[in-house]
$ cat query12.pdb   # PDB, C-alpha atoms, pLDDT in the B column
ATOM      1  CA  GLY P   1    -186.605 -30.971 -70.689  1.00 44.00           C
ATOM      2  CA  GLY P   2    -187.989 -34.459 -71.514  1.00 48.00           C
ATOM      3  CA  ARG P   3    -184.633 -36.246 -71.721  1.00 48.00           C
ATOM      4  CA  LEU P   4    -183.350 -34.801 -68.455  1.00 45.00           C
ATOM      5  CA  GLY P   5    -186.605 -35.637 -66.690  1.00 44.00           C
ATOM      6  CA  LYS P   6    -186.379 -39.264 -67.808  1.00 46.00           C
ATOM      7  CA  ALA P   7    -182.798 -39.604 -66.602  1.00 46.00           C
ATOM      8  CA  ARG P   8    -183.680 -38.181 -63.168  1.00 48.00           C
ATOM      9  CA  GLY P   9    -186.827 -40.232 -62.974  1.00 49.00           C
ATOM     10  CA  GLY P  10    -184.911 -43.495 -63.203  1.00 50.00           C
ATOM     11  CA  GLY P  11    -185.575 -44.514 -66.781  1.00 52.00           C
ATOM     12  CA  PRO P  12    -184.267 -47.814 -68.156  1.00 53.00           C
ATOM     13  CA  HIS P  13    -180.789 -46.447 -68.917  1.00 52.00           C
ATOM     14  CA  PHE P  14    -180.393 -45.101 -65.382  1.00 51.00           C
ATOM     15  CA  SER P  15    -181.347 -48.422 -63.738  1.00 54.00           C
ATOM     16  CA  GLN P  16    -178.985 -50.371 -66.019  1.00 56.00           C
ATOM     17  CA  MET P  17    -176.173 -47.978 -65.167  1.00 56.00           C
ATOM     18  CA  ALA P  18    -176.920 -48.226 -61.431  1.00 55.00           C
ATOM     19  CA  MET P  19    -176.937 -52.009 -61.656  1.00 53.00           C
ATOM     20  CA  SER P  20    -173.665 -52.012 -63.594  1.00 54.00           C
ATOM     21  CA  LEU P  21    -172.047 -49.712 -61.035  1.00 55.00           C
ATOM     22  CA  ALA P  22    -173.260 -51.926 -58.185  1.00 56.00           C
ATOM     23  CA  LEU P  23    -171.777 -55.014 -59.875  1.00 56.00           C
ATOM     24  CA  LEU P  24    -168.528 -53.149 -60.539  1.00 57.00           C
ATOM     25  CA  LYS P  25    -168.311 -52.061 -56.906  1.00 58.00           C
ATOM     26  CA  GLY P  26    -168.890 -55.669 -55.788  1.00 57.00           C
ATOM     27  CA  ALA P  27    -166.123 -56.897 -58.099  1.00 56.00           C
ATOM     28  CA  VAL P  28    -163.730 -54.212 -56.840  1.00 58.00           C
ATOM     29  CA  ASP P  29    -164.544 -55.150 -53.220  1.00 60.00           C
ATOM     30  CA  VAL P  30    -163.769 -58.809 -53.971  1.00 58.00           C
ATOM     31  CA  VAL P  31    -160.431 -57.865 -55.549  1.00 57.00           C
ATOM     32  CA  VAL P  32    -159.492 -55.590 -52.638  1.00 57.00           C
ATOM     33  CA  ASN P  33    -160.440 -58.183 -50.001  1.00 55.00           C
ATOM     34  CA  THR P  34    -158.697 -60.975 -51.903  1.00 56.00           C
ATOM     35  CA  LYS P  35    -155.568 -58.833 -52.171  1.00 54.00           C
ATOM     36  CA  LYS P  36    -155.672 -58.214 -48.407  1.00 53.00           C
ATOM     37  CA  ALA P  37    -155.975 -61.937 -47.726  1.00 52.00           C
ATOM     38  CA  VAL P  38    -153.151 -62.790 -50.147  1.00 52.00           C
ATOM     39  CA  ASP P  39    -150.927 -60.081 -48.656  1.00 53.00           C
ATOM     40  CA  PHE P  40    -151.619 -61.447 -45.164  1.00 47.00           C
ATOM     41  CA  LEU P  41    -150.809 -65.022 -46.180  1.00 47.00           C
ATOM     42  CA  LYS P  42    -147.618 -63.882 -47.969  1.00 52.00           C
ATOM     43  CA  THR P  43    -146.337 -62.497 -44.661  1.00 48.00           C
ATOM     44  CA  MET P  44    -146.678 -65.929 -43.099  1.00 50.00           C
ATOM     45  CA  SER P  45    -144.338 -68.832 -43.650  1.00 56.00           C
ATOM     46  CA  ARG P  46    -145.820 -72.107 -44.856  1.00 63.00           C
ATOM     47  CA  ALA P  47    -145.695 -73.524 -41.309  1.00 59.00           C
ATOM     48  CA  GLU P  48    -147.452 -70.491 -39.859  1.00 73.00           C
ATOM     49  CA  GLU P  49    -150.092 -70.786 -42.547  1.00 79.00           C
ATOM     50  CA  GLU P  50    -150.813 -74.417 -41.667  1.00 80.00           C
ATOM     51  CA  GLY P  51    -151.111 -73.550 -37.984  1.00 79.00           C
ATOM     52  CA  PHE P  52    -153.388 -70.637 -38.834  1.00 81.00           C
ATOM     53  CA  TYR P  53    -155.596 -72.933 -40.924  1.00 84.00           C
ATOM     54  CA  LEU P  54    -155.760 -75.536 -38.148  1.00 84.00           C
ATOM     55  CA  TRP P  55    -156.992 -73.053 -35.547  1.00 83.00           C
ATOM     56  CA  ARG P  56    -159.386 -71.262 -37.892  1.00 87.00           C
ATOM     57  CA  MET P  57    -160.851 -74.499 -39.260  1.00 88.00           C
ATOM     58  CA  LEU P  58    -161.520 -75.668 -35.710  1.00 88.00           C
ATOM     59  CA  ASP P  59    -163.030 -72.284 -34.853  1.00 89.00           C
ATOM     60  CA  ALA P  60    -165.308 -72.561 -37.909  1.00 88.00           C
ATOM     61  CA  LEU P  61    -166.304 -76.136 -37.041  1.00 88.00           C
ATOM     62  CA  SER P  62    -167.354 -75.276 -33.492  1.00 89.00           C
ATOM     63  CA  PRO P  63    -170.762 -73.566 -34.104  1.00 90.00           C
ATOM     64  CA  ALA P  64    -171.946 -76.220 -36.570  1.00 89.00           C
ATOM     65  CA  MET P  65    -170.783 -78.927 -34.181  1.00 89.00           C
ATOM     66  CA  SER P  66    -172.785 -77.351 -31.341  1.00 88.00           C
ATOM     67  CA  LEU P  67    -175.892 -77.368 -33.524  1.00 87.00           C
ATOM     68  CA  ALA P  68    -175.331 -80.987 -34.559  1.00 88.00           C
ATOM     69  CA  LEU P  69    -174.874 -82.019 -30.908  1.00 86.00           C
ATOM     70  CA  ALA P  70    -178.212 -80.388 -30.055  1.00 84.00           C
ATOM     71  CA  LEU P  71    -179.886 -82.098 -33.023  1.00 83.00           C
ATOM     72  CA  ARG P  72    -178.409 -85.434 -31.950  1.00 83.00           C
ATOM     73  CA  ARG P  73    -180.614 -85.281 -28.857  1.00 79.00           C
ATOM     74  CA  ARG P  74    -183.713 -85.450 -31.062  1.00 78.00           C
ATOM     75  CA  HIS P  75    -185.053 -88.740 -32.332  1.00 74.00           C
ATOM     76  CA  ALA P  76    -186.142 -87.213 -35.661  1.00 77.00           C
ATOM     77  CA  THR P  77    -182.659 -85.891 -36.461  1.00 82.00           C
ATOM     78  CA  LEU P  78    -180.389 -88.369 -34.651  1.00 81.00           C
ATOM     79  CA  ARG P  79    -179.820 -90.670 -37.619  1.00 86.00           C
ATOM     80  CA  HIS P  80    -178.908 -87.707 -39.837  1.00 88.00           C
ATOM     81  CA  VAL P  81    -176.208 -86.231 -37.613  1.00 89.00           C
ATOM     82  CA  GLU P  82    -174.919 -89.106 -35.463  1.00 90.00           C
ATOM     83  CA  SER P  83    -172.102 -90.292 -37.757  1.00 91.00           C
ATOM     84  CA  ALA P  84    -170.923 -86.767 -38.519  1.00 91.00           C
ATOM     85  CA  VAL P  85    -170.904 -85.879 -34.811  1.00 91.00           C
ATOM     86  CA  GLU P  86    -168.885 -88.962 -33.910  1.00 93.00           C
ATOM     87  CA  LEU P  87    -166.403 -88.313 -36.719  1.00 93.00           C
ATOM     88  CA  CYS P  88    -166.028 -84.684 -35.633  1.00 93.00           C
ATOM     89  CA  ARG P  89    -165.635 -85.579 -31.950  1.00 92.00           C
ATOM     90  CA  TYR P  90    -162.935 -88.129 -32.772  1.00 94.00           C
ATOM     91  CA  THR P  91    -161.063 -85.649 -34.980  1.00 93.00           C
ATOM     92  CA  TRP P  92    -161.502 -82.864 -32.421  1.00 91.00           C
ATOM     93  CA  ALA P  93    -159.939 -85.080 -29.726  1.00 92.00           C
ATOM     94  CA  LYS P  94    -156.969 -85.800 -32.009  1.00 91.00           C
ATOM     95  CA  CYS P  95    -156.548 -82.049 -32.587  1.00 89.00           C
ATOM     96  CA  GLU P  96    -156.693 -81.366 -28.856  1.00 88.00           C
ATOM     97  CA  ASP P  97    -153.838 -83.839 -28.396  1.00 87.00           C
ATOM     98  CA  ILE P  98    -151.805 -81.870 -30.941  1.00 85.00           C
ATOM     99  CA  LEU P  99    -152.709 -78.504 -29.446  1.00 83.00           C
ATOM    100  CA  GLU P 100    -152.185 -79.537 -25.823  1.00 83.00           C
ATOM    101  CA  ARG P 101    -149.247 -77.648 -24.339  1.00 80.00           C
ATOM    102  CA  ASP P 102    -146.398 -79.364 -22.596  1.00 77.00           C
ATOM    103  CA  SER P 103    -145.311 -77.984 -19.225  1.00 76.00           C
ATOM    104  CA  GLY P 104    -142.555 -75.740 -20.642  1.00 75.00           C
ATOM    105  CA  GLU P 105    -144.641 -74.169 -23.435  1.00 74.00           C
ATOM    106  CA  ASP P 106    -146.380 -70.799 -23.566  1.00 72.00           C
ATOM    107  CA  ASP P 107    -150.170 -70.826 -23.259  1.00 71.00           C
ATOM    108  CA  ASP P 108    -150.737 -68.336 -26.084  1.00 74.00           C
ATOM    109  CA  ARG P 109    -151.164 -69.104 -29.770  1.00 73.00           C
ATOM    110  CA  PRO P 110    -147.924 -68.547 -31.681  1.00 76.00           C
ATOM    111  CA  ASP P 111    -147.795 -65.125 -33.291  1.00 73.00           C
ATOM    112  CA  ASP P 112    -144.422 -64.799 -35.008  1.00 75.00           C
ATOM    113  CA  ALA P 113    -141.986 -66.977 -36.939  1.00 75.00           C
ATOM    114  CA  ASP P 114    -139.917 -67.896 -33.866  1.00 80.00           C
ATOM    115  CA  SER P 115    -142.895 -68.902 -31.719  1.00 79.00           C
ATOM    116  CA  TRP P 116    -144.329 -70.929 -34.625  1.00 79.00           C
ATOM    117  CA  ALA P 117    -140.998 -72.713 -35.114  1.00 81.00           C
ATOM    118  CA  ARG P 118    -140.807 -73.614 -31.410  1.00 81.00           C
ATOM    119  CA  TRP P 119    -144.447 -74.720 -31.356  1.00 82.00           C
ATOM    120  CA  PHE P 120    -144.111 -76.896 -34.484  1.00 84.00           C
ATOM    121  CA  ASP P 121    -140.873 -78.563 -33.341  1.00 85.00           C
ATOM    122  CA  VAL P 122    -142.502 -80.088 -30.231  1.00 84.00           C
ATOM    123  CA  LYS P 123    -143.103 -83.827 -30.631  1.00 85.00           C
ATOM    124  CA  LYS P 124    -146.420 -85.437 -29.777  1.00 83.00           C
ATOM    125  CA  LYS P 125    -146.438 -89.223 -29.633  1.00 84.00           C
ATOM    126  CA  GLY P 126    -143.175 -89.326 -31.590  1.00 87.00           C
ATOM    127  CA  VAL P 127    -144.344 -87.004 -34.384  1.00 88.00           C
ATOM    128  CA  THR P 128    -143.620 -83.297 -34.686  1.00 88.00           C
ATOM    129  CA  ARG P 129    -146.591 -80.984 -34.453  1.00 86.00           C
ATOM    130  CA  ARG P 130    -145.721 -79.786 -37.941  1.00 86.00           C
ATOM    131  CA  GLN P 131    -146.401 -83.241 -39.407  1.00 88.00           C
ATOM    132  CA  ALA P 132    -149.426 -83.862 -37.176  1.00 89.00           C
ATOM    133  CA  VAL P 133    -151.002 -80.553 -38.240  1.00 88.00           C
ATOM    134  CA  LYS P 134    -150.415 -81.341 -41.923  1.00 87.00           C
ATOM    135  CA  ASP P 135    -152.113 -84.683 -41.421  1.00 88.00           C
ATOM    136  CA  MET P 136    -155.073 -83.231 -39.508  1.00 89.00           C
ATOM    137  CA  LEU P 137    -155.956 -80.431 -41.948  1.00 89.00           C
ATOM    138  CA  GLY P 138    -157.418 -82.917 -44.421  1.00 90.00           C
ATOM    139  CA  TYR P 139    -159.370 -84.697 -41.699  1.00 92.00           C
ATOM    140  CA  ILE P 140    -160.852 -81.446 -40.411  1.00 91.00           C
ATOM    141  CA  SER P 141    -161.907 -80.559 -43.936  1.00 91.00           C
ATOM    142  CA  MET P 142    -163.605 -83.964 -44.266  1.00 92.00           C
ATOM    143  CA  CYS P 143    -165.372 -83.359 -40.947  1.00 92.00           C
ATOM    144  CA  GLN P 144    -166.666 -80.003 -42.144  1.00 91.00           C
ATOM    145  CA  THR P 145    -167.966 -81.581 -45.339  1.00 91.00           C
ATOM    146  CA  THR P 146    -169.597 -84.476 -43.502  1.00 91.00           C
ATOM    147  CA  LEU P 147    -171.185 -82.131 -40.986  1.00 90.00           C
ATOM    148  CA  GLN P 148    -172.471 -79.903 -43.778  1.00 91.00           C
ATOM    149  CA  LEU P 149    -173.985 -82.920 -45.550  1.00 91.00           C
ATOM    150  CA  SER P 150    -175.714 -84.127 -42.405  1.00 89.00           C
ATOM    151  CA  LEU P 151    -177.127 -80.684 -41.569  1.00 87.00           C
ATOM    152  CA  SER P 152    -178.328 -80.342 -45.164  1.00 89.00           C
ATOM    153  CA  ALA P 153    -180.038 -83.741 -44.888  1.00 87.00           C
ATOM    154  CA  VAL P 154    -181.818 -82.532 -41.750  1.00 85.00           C
ATOM    155  CA  ALA P 155    -182.907 -79.330 -43.479  1.00 84.00           C
ATOM    156  CA  PHE P 156    -184.334 -81.173 -46.490  1.00 84.00           C
ATOM    157  CA  SER P 157    -185.846 -84.277 -44.926  1.00 83.00           C
ATOM    158  CA  VAL P 158    -187.101 -83.417 -41.448  1.00 78.00           C
ATOM    159  CA  PRO P 159    -190.167 -81.197 -40.959  1.00 76.00           C
ATOM    160  CA  PRO P 160    -189.202 -77.839 -39.394  1.00 74.00           C
ATOM    161  CA  HIS P 161    -191.268 -78.394 -36.223  1.00 70.00           C
ATOM    162  CA  GLN P 162    -189.119 -81.476 -35.456  1.00 66.00           C
ATOM    163  CA  VAL P 163    -185.797 -79.687 -35.962  1.00 66.00           C
ATOM    164  CA  ARG P 164    -185.947 -77.112 -33.180  1.00 68.00           C
ATOM    165  CA  PRO P 165    -183.195 -78.288 -30.803  1.00 60.00           C
ATOM    166  CA  ARG P 166    -184.585 -76.534 -27.716  1.00 63.00           C
ATOM    167  CA  ALA P 167    -188.250 -77.395 -28.221  1.00 63.00           C
ATOM    168  CA  ALA P 168    -190.025 -79.314 -25.455  1.00 61.00           C
ATOM    169  CA  PHE P 169    -189.703 -83.078 -25.623  1.00 63.00           C
ATOM    170  CA  ARG P 170    -192.767 -85.096 -26.500  1.00 62.00           C
ATOM    171  CA  TYR P 171    -193.531 -88.780 -26.485  1.00 65.00           C
ATOM    172  CA  LEU P 172    -192.679 -90.584 -29.693  1.00 68.00           C
ATOM    173  CA  PRO P 173    -193.433 -94.324 -29.863  1.00 75.00           C
ATOM    174  CA  ALA P 174    -190.553 -94.903 -32.322  1.00 77.00           C
ATOM    175  CA  ALA P 175    -188.109 -93.229 -29.930  1.00 73.00           C
ATOM    176  CA  GLN P 176    -189.289 -95.421 -27.062  1.00 74.00           C
ATOM    177  CA  GLU P 177    -188.932 -98.550 -29.188  1.00 82.00           C
ATOM    178  CA  ALA P 178    -185.392 -97.556 -30.168  1.00 80.00           C
ATOM    179  CA  ALA P 179    -184.482 -96.883 -26.522  1.00 76.00           C
ATOM    180  CA  VAL P 180    -185.933-100.208 -25.319  1.00 78.00           C
ATOM    181  CA  SER P 181    -184.117-102.063 -28.089  1.00 83.00           C
ATOM    182  CA  LEU P 182    -180.817-100.368 -27.204  1.00 76.00           C
ATOM    183  CA  LEU P 183    -181.315-101.147 -23.497  1.00 79.00           C
ATOM    184  CA  GLN P 184    -181.977-104.818 -24.283  1.00 81.00           C
ATOM    185  CA  GLU P 185    -178.877-104.995 -26.496  1.00 83.00           C
ATOM    186  CA  PHE P 186    -176.861-103.497 -23.628  1.00 80.00           C
ATOM    187  CA  GLU P 187    -178.321-105.953 -21.081  1.00 81.00           C
ATOM    188  CA  PHE P 188    -177.457-108.913 -23.307  1.00 81.00           C
ATOM    189  CA  GLY P 189    -173.906-107.616 -23.744  1.00 79.00           C
ATOM    190  CA  ARG P 190    -174.193-106.959 -27.467  1.00 76.00           C
ATOM    191  CA  VAL P 191    -173.586-103.229 -27.019  1.00 69.00           C
ATOM    192  CA  GLY P 192    -170.892-101.816 -24.751  1.00 64.00           C
ATOM    193  CA  ALA P 193    -171.048 -98.697 -22.608  1.00 61.00           C
ATOM    194  CA  ASP P 194    -168.784 -96.896 -25.101  1.00 60.00           C
ATOM    195  CA  ASP P 195    -171.038 -97.592 -28.138  1.00 56.00           C
TER     196      ASP P 195
END

$ encode --input "query12.pdb" --output "structure tokens"
Amino acid sequence: GGRLGKARGGGPHFSQMAMSLALLKGAVDVVVNTKKAVDFLKTMSRAEEEGFYLWRMLDALSPAMSLALALRRRHATLRHVESAVELCRYTWAKCEDILERDSGEDDDRPDDADSWARWFDVKKKGVTRRQAVKDMLGYISMCQTTLQLSLSAVAFSVPPHQVRPRAAFRYLPAAQEAAVSLLQEFEFGRVGADD
């Protein structure tokens, strides 16, 4: 009965087998989910796929952008996120121009080949949406990367007690100096209201 007792008790062979089965299950899950994603994308035309990516990339950018906007209000994190936020806001505005519906268009996202074709054929500022979307996908990807870099810089270089976006404000001499300097630059006309 010694061999059977060891197997039931979780001896070394049992734990190796359990670990192997867990890894196998994980690999099978990845294959199944990848197959589902590939099957879904195969049902879409190339144009539909680009539109799908545009909307989903913007949806994915939104939560990180909200966090970066909150961190931009903090003196300790402002310099880390400011450029990424401005880049994202500029790109977001360009995407909104592309996504904005003309008076004769449906308000819903396209959901079949015909609605995608109609949506992509509309011209915005002399360029079809199809071309504008192709152009914007790379810019959105750059925004995501830049935002990720800036949030990583905050995580690694700013003490955690200074990162909490909703924490109470406290007096920081360096923040006051920066504000006074900016106000003086504005008064002397060296910085505009849009800067």

$ closest_residue --input "query12.pdb" --among "P:Leu182, P:Ala175, P:Ala153, P:Ile98" --to "Arg74 in chain P" --atoms "all atoms listed in the file"
P:Ala175

$ atom_distance --input "query12.pdb" --atom1 "CA of Ala178 in chain P" --atom2 "CA of Leu69 in chain P"
18.8 Å

$ atom_distance --input "query12.pdb" --atom1 "CA of Val122 in chain P" --atom2 "CA of Ser103 in chain P"
11.6 Å

$ atom_distance --input "query12.pdb" --atom1 "CA of Lys134 in chain P" --atom2 "CA of Leu149 in chain P"
23.9 Å

$ resolve_selection --input "query12.pdb" --expression "the PyMOL selection byres ((chain P and resi 94) around 12)" --output "list in words"
Leu58, Leu87, Cys88, Arg89, Tyr90, Thr91, Trp92, Ala93, Cys95, Glu96, Asp97, Ile98, Leu99, Glu100, Lys124, Lys125, Arg129, Ala132, Val133, Asp135, Met136, Leu137, Tyr139 and Ile140 of chain P

$ resolve_selection --input "query12.pdb" --expression "the PyMOL selection byres ((chain P and resi 80) around 12)" --output "ChimeraX atom specification"
/P:68-69,71-79,81-86,146-158,163
